[in-house]
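What follows is a single structure, written as C-alpha cells, with notes after it.
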Amino acid sequence: MTAPLVLVITSLEDVTADRVIAALNEREVPLVRVDPADIGAGLTFGARIGTGAPAWGGRLRTASREVELGEVAAVYYRRPTPYSARYGHLTAQQRDFAAAEARHGLGGVLNHLHGALYVNHPFAVTAADFKPAQLQLATQLGLTVPPTLVTNDIEHARKFAAEHGRIIYKTFRGLPRDEDGHTGAIWAQRVAPDTFDDSLAVTAHLFQAEIPKTGDVRVTVVGEKVFAQQIAAPDGALDWRRGNWNALLHAPIRVPAPVEAALHSYLTGFGLVFGCFDFALTGDGDAPEDWVFIEFTDLLSDCS
C-alpha cells in the first residue's frame, strides 16, 4: 500500500494549482492531478460499493497516473473544466445527457471519498458562493455589513439611493466567457439613480451604500491560521482589484478578536476549511466596528 495522497481536481490551465503542486512536490507529498472533463480515453475509472464495503473503492487512471481511491487523504478542489466542454461535438441533447451522467457518476464518486479532507468540498463551495447567503450569515455572526438591496425594481432602487446617497453596484458573478472564449470582469462601481431605466427589470441587481472607508483588508483563513493584509491602491480606486496589482501597497494588520472568531464561525457555518474575506475599514482597524464585511471567496486564485 502506498502513502496517502492528495488528489488535485482542476483544469490544466490552472496556474494557481501549479504553484500549490510545486510546493507539495517540494515537501514530497504524493499527489495526482485530475481534470474530470478528461473522461474518456484520457481518464478511465471503476468504483465499487456494496455490503461489507460501505465506501467507494476502486481505481482512476489518467494518461500518466493511476489512483487507488481508498488512498486519497485530501482533495484540493479548484477549477475543473465543465463537463459540457468535453462533449461539445455532440448534439445539444446528447451533450447535456453525457455531461449530466459524467457529473453525477464520476463527479458523484469524487465528491464522496470516505475520510478525505476537501479543500473545499464543491457542495460547500456552491452554497457559499451566493452573496445573499454570505451577507446574511455575516450579519447573524455580528459582523457589520453595508446596507444592501437586491432588486429588479426601479422604484426600489431609486428609493434606496435616496436613503443612502452614494451607492455602488456589484455583480453576483463574474462575466461568462464570450463566443471567442474570452472572459472579463465588471468591478464594483458607483451608480447614479438618474441612470436607472426599465432595463433594470431584466435581471437581479445588487446595490450597496458606499462605505466611507479608510482602507481595504483581505483576510485569509486556513484552518485555525489567519493572515490579514491591509491593501491600499495608490489611485484611491473604489475597487482595488481593477487596477495594477503590482502597484498595490500591502501591510500586515491585526484582526480584532471578535472579528476573527466570527470568521472561523463563518467557515464552519458553510462547512469550509479555507476562505478569504474582504473588508472595508472605517477607522484605524483597532475596533471591531471599524471592520465592514464586503464579501467572501473560497478560490485560492482570488485570495492571492
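Ligands are numbered from 1 in the order shown, residues from 1 within each chain, and chains are lettered A, B, ... in the order they appear in the C-alpha cells.
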
**OP:** Write out as a list in words each polymer residue whose atoms come within 12 Å of Thr126 of chain A, counting only C-alpha atoms; drop sequence neighbours fewer than 4 positions from it.
**Re:** Asn120, His121, Pro122, Phe130, Lys131, Ala133, Gln134, Phe270, Gly271, Leu272, Thr297, Asp298 and Leu299 of chain A

When DSSP is applied to the backbone of this structure, which of segment 203-243 of chain A are assigned strand (DSSP E or B)? Write them out as a PDB file with N, CA, C and O atoms, in the first residue's frame.
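Result file is out.pdb:
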ATOM      1  N   HIS A 205     -30.181  42.801  -9.456  1.00  0.00           N
ATOM      2  CA  HIS A 205     -29.070  43.719  -9.249  1.00  0.00           C
ATOM      3  C   HIS A 205     -28.779  43.828  -7.761  1.00  0.00           C
ATOM      4  O   HIS A 205     -29.694  43.766  -6.932  1.00  0.00           O
ATOM      5  N   LEU A 206     -27.505  44.030  -7.424  1.00  0.00           N
ATOM      6  CA  LEU A 206     -27.095  44.217  -6.033  1.00  0.00           C
ATOM      7  C   LEU A 206     -26.553  45.627  -5.872  1.00  0.00           C
ATOM      8  O   LEU A 206     -25.580  46.007  -6.530  1.00  0.00           O
ATOM      9  N   PHE A 207     -27.219  46.410  -5.007  1.00  0.00           N
ATOM     10  CA  PHE A 207     -26.785  47.765  -4.692  1.00  0.00           C
ATOM     11  C   PHE A 207     -26.413  47.828  -3.213  1.00  0.00           C
ATOM     12  O   PHE A 207     -27.060  47.216  -2.368  1.00  0.00           O
ATOM     13  N   GLN A 208     -25.375  48.596  -2.904  1.00  0.00           N
ATOM     14  CA  GLN A 208     -24.975  48.801  -1.517  1.00  0.00           C
ATOM     15  C   GLN A 208     -24.662  50.271  -1.283  1.00  0.00           C
ATOM     16  O   GLN A 208     -24.212  50.973  -2.200  1.00  0.00           O
ATOM     17  N   ALA A 209     -24.920  50.705  -0.059  1.00  0.00           N
ATOM     18  CA  ALA A 209     -24.486  52.047   0.318  1.00  0.00           C
ATOM     19  C   ALA A 209     -22.959  52.081   0.316  1.00  0.00           C
ATOM     20  O   ALA A 209     -22.308  51.159   0.808  1.00  0.00           O
ATOM     21  N   GLY A 215      -9.563  52.291   4.171  1.00  0.00           N
ATOM     22  CA  GLY A 215      -8.705  51.296   3.545  1.00  0.00           C
ATOM     23  C   GLY A 215      -9.457  50.000   3.334  1.00  0.00           C
ATOM     24  O   GLY A 215     -10.632  49.869   3.690  1.00  0.00           O
ATOM     25  N   ASP A 216      -8.770  49.043   2.734  1.00  0.00           N
ATOM     26  CA  ASP A 216      -9.321  47.717   2.485  1.00  0.00           C
ATOM     27  C   ASP A 216      -8.452  46.671   3.161  1.00  0.00           C
ATOM     28  O   ASP A 216      -7.243  46.875   3.339  1.00  0.00           O
ATOM     29  N   VAL A 217      -9.071  45.545   3.504  1.00  0.00           N
ATOM     30  CA  VAL A 217      -8.339  44.440   4.116  1.00  0.00           C
ATOM     31  C   VAL A 217      -8.773  43.140   3.473  1.00  0.00           C
ATOM     32  O   VAL A 217      -9.968  42.912   3.238  1.00  0.00           O
ATOM     33  N   ARG A 218      -7.805  42.289   3.171  1.00  0.00           N
ATOM     34  CA  ARG A 218      -8.062  40.921   2.721  1.00  0.00           C
ATOM     35  C   ARG A 218      -7.573  39.990   3.824  1.00  0.00           C
ATOM     36  O   ARG A 218      -6.407  40.026   4.211  1.00  0.00           O
ATOM     37  N   VAL A 219      -8.483  39.160   4.341  1.00  0.00           N
ATOM     38  CA  VAL A 219      -8.159  38.205   5.402  1.00  0.00           C
ATOM     39  C   VAL A 219      -8.271  36.802   4.841  1.00  0.00           C
ATOM     40  O   VAL A 219      -9.317  36.416   4.304  1.00  0.00           O
ATOM     41  N   THR A 220      -7.200  36.032   4.952  1.00  0.00           N
ATOM     42  CA  THR A 220      -7.182  34.639   4.517  1.00  0.00           C
ATOM     43  C   THR A 220      -7.183  33.745   5.748  1.00  0.00           C
ATOM     44  O   THR A 220      -6.357  33.918   6.641  1.00  0.00           O
ATOM     45  N   VAL A 221      -8.119  32.807   5.775  1.00  0.00           N
ATOM     46  CA  VAL A 221      -8.232  31.879   6.894  1.00  0.00           C
ATOM     47  C   VAL A 221      -8.041  30.462   6.364  1.00  0.00           C
ATOM     48  O   VAL A 221      -8.742  30.033   5.444  1.00  0.00           O
ATOM     49  N   VAL A 222      -7.068  29.758   6.931  1.00  0.00           N
ATOM     50  CA  VAL A 222      -6.798  28.367   6.577  1.00  0.00           C
ATOM     51  C   VAL A 222      -6.791  27.565   7.871  1.00  0.00           C
ATOM     52  O   VAL A 222      -5.861  27.679   8.678  1.00  0.00           O
ATOM     53  N   LYS A 225      -5.421  29.122  11.178  1.00  0.00           N
ATOM     54  CA  LYS A 225      -4.466  30.198  10.886  1.00  0.00           C
ATOM     55  C   LYS A 225      -5.168  31.353  10.182  1.00  0.00           C
ATOM     56  O   LYS A 225      -6.003  31.146   9.301  1.00  0.00           O
ATOM     57  N   VAL A 226      -4.793  32.571  10.554  1.00  0.00           N
ATOM     58  CA  VAL A 226      -5.394  33.778   9.998  1.00  0.00           C
ATOM     59  C   VAL A 226      -4.286  34.709   9.514  1.00  0.00           C
ATOM     60  O   VAL A 226      -3.337  35.000  10.259  1.00  0.00           O
ATOM     61  N   PHE A 227      -4.404  35.159   8.273  1.00  0.00           N
ATOM     62  CA  PHE A 227      -3.428  36.074   7.685  1.00  0.00           C
ATOM     63  C   PHE A 227      -4.192  37.285   7.138  1.00  0.00           C
ATOM     64  O   PHE A 227      -5.096  37.122   6.317  1.00  0.00           O
ATOM     65  N   ALA A 228      -3.838  38.481   7.581  1.00  0.00           N
ATOM     66  CA  ALA A 228      -4.550  39.688   7.165  1.00  0.00           C
ATOM     67  C   ALA A 228      -3.592  40.715   6.605  1.00  0.00           C
ATOM     68  O   ALA A 228      -2.514  40.952   7.161  1.00  0.00           O
ATOM     69  N   GLN A 229      -3.994  41.321   5.497  1.00  0.00           N
ATOM     70  CA  GLN A 229      -3.198  42.361   4.860  1.00  0.00           C
ATOM     71  C   GLN A 229      -4.080  43.566   4.560  1.00  0.00           C
ATOM     72  O   GLN A 229      -5.152  43.432   3.966  1.00  0.00           O
ATOM     73  N   GLN A 230      -3.618  44.739   4.981  1.00  0.00           N
ATOM     74  CA  GLN A 230      -4.291  45.964   4.570  1.00  0.00           C
ATOM     75  C   GLN A 230      -3.785  46.326   3.182  1.00  0.00           C
ATOM     76  O   GLN A 230      -2.584  46.241   2.895  1.00  0.00           O
ATOM     77  N   ILE A 231      -4.709  46.728   2.314  1.00  0.00           N
ATOM     78  CA  ILE A 231      -4.379  46.988   0.916  1.00  0.00           C
ATOM     79  C   ILE A 231      -4.741  48.430   0.577  1.00  0.00           C
ATOM     80  O   ILE A 231      -5.838  48.896   0.892  1.00  0.00           O
ATOM     81  N   ALA A 232      -3.812  49.115  -0.057  1.00  0.00           N
ATOM     82  CA  ALA A 232      -4.044  50.489  -0.486  1.00  0.00           C
ATOM     83  C   ALA A 232      -3.727  50.613  -1.967  1.00  0.00           C
ATOM     84  O   ALA A 232      -2.667  50.166  -2.420  1.00  0.00           O
TER      85      ALA A 232
END

**OP:** Find the residues around Arg86 of chain A up to 10 Å (only C-alpha atoms counted), leave out those fewer than 3 positions away in its own chain, and share them as a PyMOL selection string.
**Re:** chain A and resi 36-40+81-83+89-90+95+98-99+102

Could you write out that same residue set with all heavy atoms as a tab-separated table (two decimals), in the first residue's frame?
chain	number	residue	atom	x	y	z
A	36	PRO	N	-11.70	16.11	-14.31
A	36	PRO	CA	-12.76	15.16	-14.62
A	36	PRO	C	-13.30	15.27	-16.05
A	36	PRO	O	-13.81	14.29	-16.59
A	36	PRO	CB	-13.84	15.49	-13.59
A	36	PRO	CG	-13.10	16.10	-12.45
A	36	PRO	CD	-11.99	16.88	-13.09
A	37	ALA	N	-13.16	16.45	-16.67
A	37	ALA	CA	-13.65	16.61	-18.03
A	37	ALA	C	-12.80	15.84	-19.04
A	37	ALA	O	-13.17	15.77	-20.21
A	37	ALA	CB	-13.69	18.09	-18.40
A	38	ASP	N	-11.69	15.25	-18.60
A	38	ASP	CA	-10.89	14.39	-19.49
A	38	ASP	C	-11.50	13.00	-19.62
A	38	ASP	O	-10.92	12.13	-20.29
A	38	ASP	CB	-9.47	14.26	-18.95
A	38	ASP	CG	-8.66	15.53	-19.11
A	38	ASP	OD1	-9.02	16.36	-19.98
A	38	ASP	OD2	-7.67	15.71	-18.37
A	39	ILE	N	-12.63	12.75	-18.98
A	39	ILE	CA	-13.26	11.44	-19.02
A	39	ILE	C	-13.34	10.93	-20.45
A	39	ILE	O	-13.70	11.65	-21.37
A	39	ILE	CB	-14.65	11.48	-18.36
A	39	ILE	CG1	-15.25	10.08	-18.26
A	39	ILE	CG2	-15.59	12.44	-19.09
A	39	ILE	CD1	-16.53	10.01	-17.45
A	40	GLY	N	-12.94	9.70	-20.64
A	40	GLY	CA	-12.82	9.11	-21.97
A	40	GLY	C	-11.53	8.33	-22.01
A	40	GLY	O	-11.10	7.76	-20.99
A	81	THR	N	-12.54	21.75	-15.49
A	81	THR	CA	-13.24	22.13	-16.71
A	81	THR	C	-14.68	21.63	-16.66
A	81	THR	O	-14.92	20.50	-16.23
A	81	THR	CB	-12.53	21.52	-17.93
A	81	THR	OG1	-11.15	21.94	-17.93
A	81	THR	CG2	-13.18	21.95	-19.24
A	82	PRO	N	-15.65	22.42	-17.08
A	82	PRO	CA	-17.03	21.92	-17.10
A	82	PRO	C	-17.15	20.68	-17.97
A	82	PRO	O	-16.53	20.58	-19.04
A	82	PRO	CB	-17.82	23.09	-17.70
A	82	PRO	CG	-16.98	24.30	-17.42
A	82	PRO	CD	-15.56	23.82	-17.50
A	83	TYR	N	-17.95	19.73	-17.52
A	83	TYR	CA	-18.13	18.50	-18.29
A	83	TYR	C	-18.67	18.79	-19.68
A	83	TYR	O	-18.37	18.07	-20.64
A	83	TYR	CB	-19.08	17.56	-17.56
A	83	TYR	CG	-18.49	16.89	-16.34
A	83	TYR	CD1	-18.82	17.32	-15.06
A	83	TYR	CD2	-17.60	15.83	-16.46
A	83	TYR	CE1	-18.28	16.70	-13.93
A	83	TYR	CE2	-17.06	15.21	-15.34
A	83	TYR	CZ	-17.41	15.65	-14.08
A	83	TYR	OH	-16.88	15.03	-12.98
A	89	HIS	N	-18.89	18.41	-29.20
A	89	HIS	CA	-19.09	17.93	-30.56
A	89	HIS	C	-20.42	17.23	-30.75
A	89	HIS	O	-20.81	16.90	-31.88
A	89	HIS	CB	-17.96	16.97	-30.93
A	89	HIS	CG	-17.90	15.75	-30.06
A	89	HIS	ND1	-17.48	15.82	-28.74
A	89	HIS	CD2	-18.21	14.44	-30.30
A	89	HIS	CE1	-17.53	14.60	-28.21
A	89	HIS	NE2	-17.97	13.76	-29.12
A	90	LEU	N	-21.13	16.96	-29.67
A	90	LEU	CA	-22.38	16.23	-29.74
A	90	LEU	C	-23.56	17.18	-29.94
A	90	LEU	O	-23.44	18.40	-29.80
A	90	LEU	CB	-22.60	15.44	-28.44
A	90	LEU	CG	-21.51	14.42	-28.08
A	90	LEU	CD1	-21.84	13.77	-26.74
A	90	LEU	CD2	-21.38	13.36	-29.18
A	95	ARG	N	-25.17	16.05	-25.67
A	95	ARG	CA	-24.18	16.74	-24.82
A	95	ARG	C	-24.70	16.87	-23.40
A	95	ARG	O	-24.00	16.56	-22.43
A	95	ARG	CB	-23.90	18.13	-25.39
A	95	ARG	CG	-22.90	18.95	-24.57
A	95	ARG	CD	-22.95	20.42	-24.96
A	95	ARG	NE	-24.24	21.01	-24.63
A	95	ARG	CZ	-24.96	21.74	-25.48
A	95	ARG	NH1	-24.53	21.98	-26.71
A	95	ARG	NH2	-26.12	22.25	-25.10
A	98	ALA	N	-24.79	13.33	-21.70
A	98	ALA	CA	-23.47	12.79	-21.37
A	98	ALA	C	-22.83	13.59	-20.23
A	98	ALA	O	-22.22	13.02	-19.32
A	98	ALA	CB	-22.57	12.81	-22.60
A	99	ALA	N	-22.97	14.92	-20.27
A	99	ALA	CA	-22.38	15.75	-19.22
A	99	ALA	C	-23.04	15.47	-17.87
A	99	ALA	O	-22.36	15.38	-16.84
A	99	ALA	CB	-22.52	17.24	-19.58
A	102	ALA	N	-21.81	12.10	-16.55
A	102	ALA	CA	-20.44	12.20	-16.04
A	102	ALA	C	-20.40	12.94	-14.70
A	102	ALA	O	-19.70	12.54	-13.76
A	102	ALA	CB	-19.55	12.92	-17.06

Original post:
Using only C-alpha atoms, which of A:Thr195, A:Gln93, A:Thr62, A:Ser11 sits nearest Phe45 of chain A?
Top reply: A:Thr62

Original post:
Given the choices A:Leu137, A:Ile49, A:Ile294, A:Val119, which gets closest to Ile9 of chain A if the distance is worked out from only C-alpha atoms?
Top reply: A:Val119
